[in-house]
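A.B. asks: So that we are looking at the same thing, I have put the structure below in structure tokens.
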Amino acid sequence: MRELYLLKKIIIVCFLTSTIGISQTKNTFKDLDQIIKNSSKFDRRRIFEIDSVRSLLKKTEKDNLLARYRLNEQMFYQFKFFKRDSAFYYGILSKNLALKINDKSLIADANMNLADICVSSGMYKEALDFLEPLSINETDSTYGSLYYGVLGRCYGDMAEYSNTPYFYKDYVELARKYREKALSLTEKGYFFHYFLKAFNKSMNNQLEEAVDEFTILLKKKNIPHDQALVHYMLGDLYKKQGKDDKAIFHFKKAVIFDIETATKESLAIIKLSELLFKKGDLQNASLLIKKANEDAIFYGAQQRKIQVGAILPLIEEQILLIVEKEKQRIYWQYIVVSIFLVFAICLVFIIYRQNRKLNRAKKIIAVAHQNLESTNMQLRNVNEKIKSKNFEIKQVNKQLLEANKIKEEYLGLFFTQYDGIFEKFNSFMTSVKNHVDEENYEKVKRSISNYNLKKEKEKLLENFDTAFINLFPNFIEEFNYLMKEEHKIKLSKEQFLTKELRIYALIRLGITHNEIIAQILGYSINSIYAYKTKIRNNSVINKDDFDQKLIKNTTLKL
């Protein structure tokens, strides 16, 4: 287990990277740009973890060599991907403590850690020097896979940076040999067994098989460093296949993991910048290569500085060319705008002269229009007056029509009632006269007592009700429409108008004086006033408007 863990730490340095996913929208790299802006937050988190281990180291007694060795080793791994010189410093401290403890296994681990950090820094000779004392124990199973893993990585990097074909061929062969040996010593079921297997296929140009195996490995739940490593390898493989969009996607994922884990020794961010530069996305390519340059300077990786130095000038040169082209474009735009401005000034002068003529014509038209509007206003006023007079005439005609209708109805009622009353009174007088002539005064009294004036009065009012309802058949419904629900008047078919309805029936006929209404109905003036007040208070409208509203709303039968 310890062997595999250390092997993972060693190989990560070579391949751990960062990435940016491809998209066709203008906000493609917005999320990565935000993560880059927040990189200091992730760096502070790593520093906090380092300070926590350093605090434990300070509290550990100096004679507890093994505990101090473990803590120094932790400090080495904390700095391994963050800052090279600090990692190397704690690697030396770990080796010195291992020598004091005189434990060959610890010494071997310390030497391989130092060799590992030297490879990350581009110090390949120094890395081989640290591995040299271990060569006699290559078959030792306690660190054999680690030893070959570091050797394979070292010769692989040396081959990449070698300019001599003779040495390049030897380095490639040695790298392949040591990677195969390391793979044979790793246990199945662990991440780096499958990683090395897929990686060796990629180095043997078995690209499709390598892509398939890395894709399967990516679906497993790996730690962020492992995920970044797999994303980087997929990006590199797709780049070799010419599938730049897919390569950019996986490089982006790796970059995000890299920044979030405060990994400064990064290769994917450089390759991503190259691809974006190739696609013409200079803005994002410049942003990424500057970040890569900052990380390389902070970490202290010489080979990364060389790689950045090869791309950064090209990007800046292209940016300068674009700026120069933009200047030329602006210059010619200035010339065109100047010509257009002269033309525009001439055109404005012509328009000004034409506008003056047009304004004079407008003034003439405005005066005529104003006169026309004045005439139209006078016509509208005359029309309004005519409409008003027509309305008044209609109202007068309506009132005359109502008056004629009421007059006809009540004149007919009057003469009909008059004939009946005259006949009854004539019969009464004849009867009284005959009884007086006969000197039969008892019969005179009986005749007088049989003549019921109250009944005659009620019959007269009933006839009034009948005539009024005949004139205004909807009067009761229209009256109730103005009343609150609980105060609406409901009559049976045989029932005549109530006292309140008779009062407002007289008002509808135009009799508005309380004295006259009281005289007609045989009530006191106070009673008439009380009935009217009660009705108005129980209405749904303003009591001062009740009489006019009722007169307006009641319809005459035509």
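Please note that chains go A, B, ... in the order of the structure tokens, that every chain numbers its residues from 1, and that ligands are numbered from 1 in the order shown.
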Which residues are close to region 40-43 of chain A, i.e. within 7 Å by only C-alpha atoms, leaving aside same-chain residues fewer than 3 positions away? Reply as a PyMOL selection string.

C.D. replies: chain A and resi 46-47+260-262

A.B. asks: Please produce an output containing N, CA, C and O atoms for each residue in the selection, written as a compact mmCIF listing (two decimals), in the first residue's frame.

C.D. replies:
# COMPACT_ATOMS: atom_id res chain seq x y z
N ARG A 46 -4.04 25.74 0.91
CA ARG A 46 -2.86 24.87 0.96
C ARG A 46 -1.87 25.39 2.02
O ARG A 46 -1.29 24.61 2.78
N ILE A 47 -1.70 26.70 2.10
CA ILE A 47 -0.78 27.28 3.10
C ILE A 47 -1.27 26.98 4.51
O ILE A 47 -0.48 26.72 5.42
N GLU A 260 -7.69 24.12 -8.11
CA GLU A 260 -8.40 23.88 -6.85
C GLU A 260 -7.54 23.13 -5.84
O GLU A 260 -7.80 23.19 -4.64
N THR A 261 -6.53 22.38 -6.30
CA THR A 261 -5.63 21.66 -5.39
C THR A 261 -4.31 22.40 -5.21
O THR A 261 -3.36 21.86 -4.66
N ALA A 262 -4.26 23.67 -5.70
CA ALA A 262 -3.06 24.52 -5.56
C ALA A 262 -1.82 23.84 -6.14
O ALA A 262 -0.74 23.88 -5.57

A.B. asks: Calculate how many Å separate CA of Leu497 (chain A) from CA of Ile517 (chain A), rounding to one decimal.

C.D. replies: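 Here the two named atoms are 14.9 Å from each other.
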
A.B. asks: Between CA of Ala505 (chain A) and CA of Asn553 (chain A), what is the spacing in Å?

C.D. replies: 12.9 Å

A.B. asks: Kindly indicate which residue among A:Leu97, A:Leu521, A:Leu556, A:Ile50 lies nearest to Leu460 (chain A), using only C-alpha atoms for the distances.

C.D. replies: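 For Leu460 (chain A), the nearest of the given residues is A:Leu521.
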
A.B. asks: Between CA of Asn538 (chain A) and CA of Asn463 (chain A), measure the distance and give it in Å to one decimal.

C.D. replies: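 Going from CA of Asn538 (chain A) over to CA of Asn463 (chain A), I get 28.1 Å.
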
A.B. asks: Find the residues around Tyr89 (chain A) up to 10 Å (only C-alpha atoms counted), leave out those fewer than 2 positions away in its own chain, and share them as a list of chain:residue names.

C.D. replies: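 Answer for this query is A:Asn72, A:Met75, A:Phe76, A:Phe79, A:Arg84, A:Asp85, A:Ser86, A:Ala87, A:Gly91, A:Ile92, A:Leu93, A:Ser94, A:Leu114.
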
A.B. asks: Those residues with N, CA and C atoms, as a short mmCIF file (atom, residue, chain, number, x, y, z; two decimals), in the first residue's frame please?

C.D. replies:
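New file part-v2.cif:
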data_model
loop_
_atom_site.label_atom_id
_atom_site.label_comp_id
_atom_site.auth_asym_id
_atom_site.auth_seq_id
_atom_site.Cartn_x
_atom_site.Cartn_y
_atom_site.Cartn_z
N ASN A 72 8.25 15.68 8.49
CA ASN A 72 9.01 16.30 7.40
C ASN A 72 8.60 15.72 6.04
N MET A 75 5.48 17.39 5.08
CA MET A 75 5.78 18.73 4.56
C MET A 75 6.28 18.64 3.11
N PHE A 76 7.07 17.59 2.83
CA PHE A 76 7.56 17.38 1.47
C PHE A 76 6.38 17.22 0.50
N PHE A 79 4.44 20.43 -0.16
CA PHE A 79 5.11 21.37 -1.06
C PHE A 79 5.40 20.77 -2.43
N ARG A 84 8.79 24.00 -5.35
CA ARG A 84 9.86 23.03 -5.51
C ARG A 84 10.96 23.17 -4.47
N ASP A 85 11.47 24.39 -4.24
CA ASP A 85 12.60 24.54 -3.33
C ASP A 85 12.23 24.15 -1.90
N SER A 86 10.99 24.45 -1.47
CA SER A 86 10.55 24.07 -0.13
C SER A 86 10.41 22.55 -0.03
N ALA A 87 9.88 21.91 -1.10
CA ALA A 87 9.77 20.45 -1.11
C ALA A 87 11.16 19.82 -1.03
N GLY A 91 12.69 17.47 1.83
CA GLY A 91 13.20 16.16 1.40
C GLY A 91 14.58 15.90 1.96
N ILE A 92 15.45 16.93 1.97
CA ILE A 92 16.79 16.80 2.54
C ILE A 92 16.71 16.53 4.05
N LEU A 93 15.80 17.28 4.73
CA LEU A 93 15.63 17.07 6.17
C LEU A 93 15.19 15.64 6.46
N SER A 94 14.27 15.13 5.62
CA SER A 94 13.79 13.75 5.80
C SER A 94 14.93 12.76 5.61
N LEU A 114 13.53 12.85 -3.25
CA LEU A 114 14.43 13.89 -3.75
C LEU A 114 14.63 13.74 -5.26
#

A.B. asks: Quick one: residues within 12 Å of Gly522 (chain A), only C-alpha atoms counted, chain neighbours fewer than 5 positions away excluded, as number ranges by chain?

C.D. replies: A: 454, 457-458, 460-461, 499, 502-503, 514-517, 527-528

A.B. asks: Would you please give, as a PyMOL selection string, all residues of region 16-133 of chain A that DSSP assigns to alpha helix (DSSP H) based on the backbone?

C.D. replies: chain A and resi 30-37+39-59+65-80+84-101+104-121+124-131

A.B. asks: Within 9 Å of region 193-197 of chain A, counting only C-alpha atoms, which residues qualify if same-chain residues fewer than 3 places away don't, as a list in words?

C.D. replies: Leu4, Arg179, Glu180, Ala182, Leu183, Ser184, Leu185, Thr186, Glu187, Lys188, Gly189, Tyr190, Asn200, Lys201, Ser202, Ala210, Glu213, Phe214, Leu217 and Val230 of chain A

A.B. asks: Give me the residues within 12 Å of Ser52 (chain A) as a list in words, counting only C-alpha atoms and dropping any in the same chain fewer than 5 places off.

C.D. replies: Arg45, Arg46, Ile47, Leu57, Lys58, Lys59, Leu71, Gln74, Met75 and Gln78 of chain A
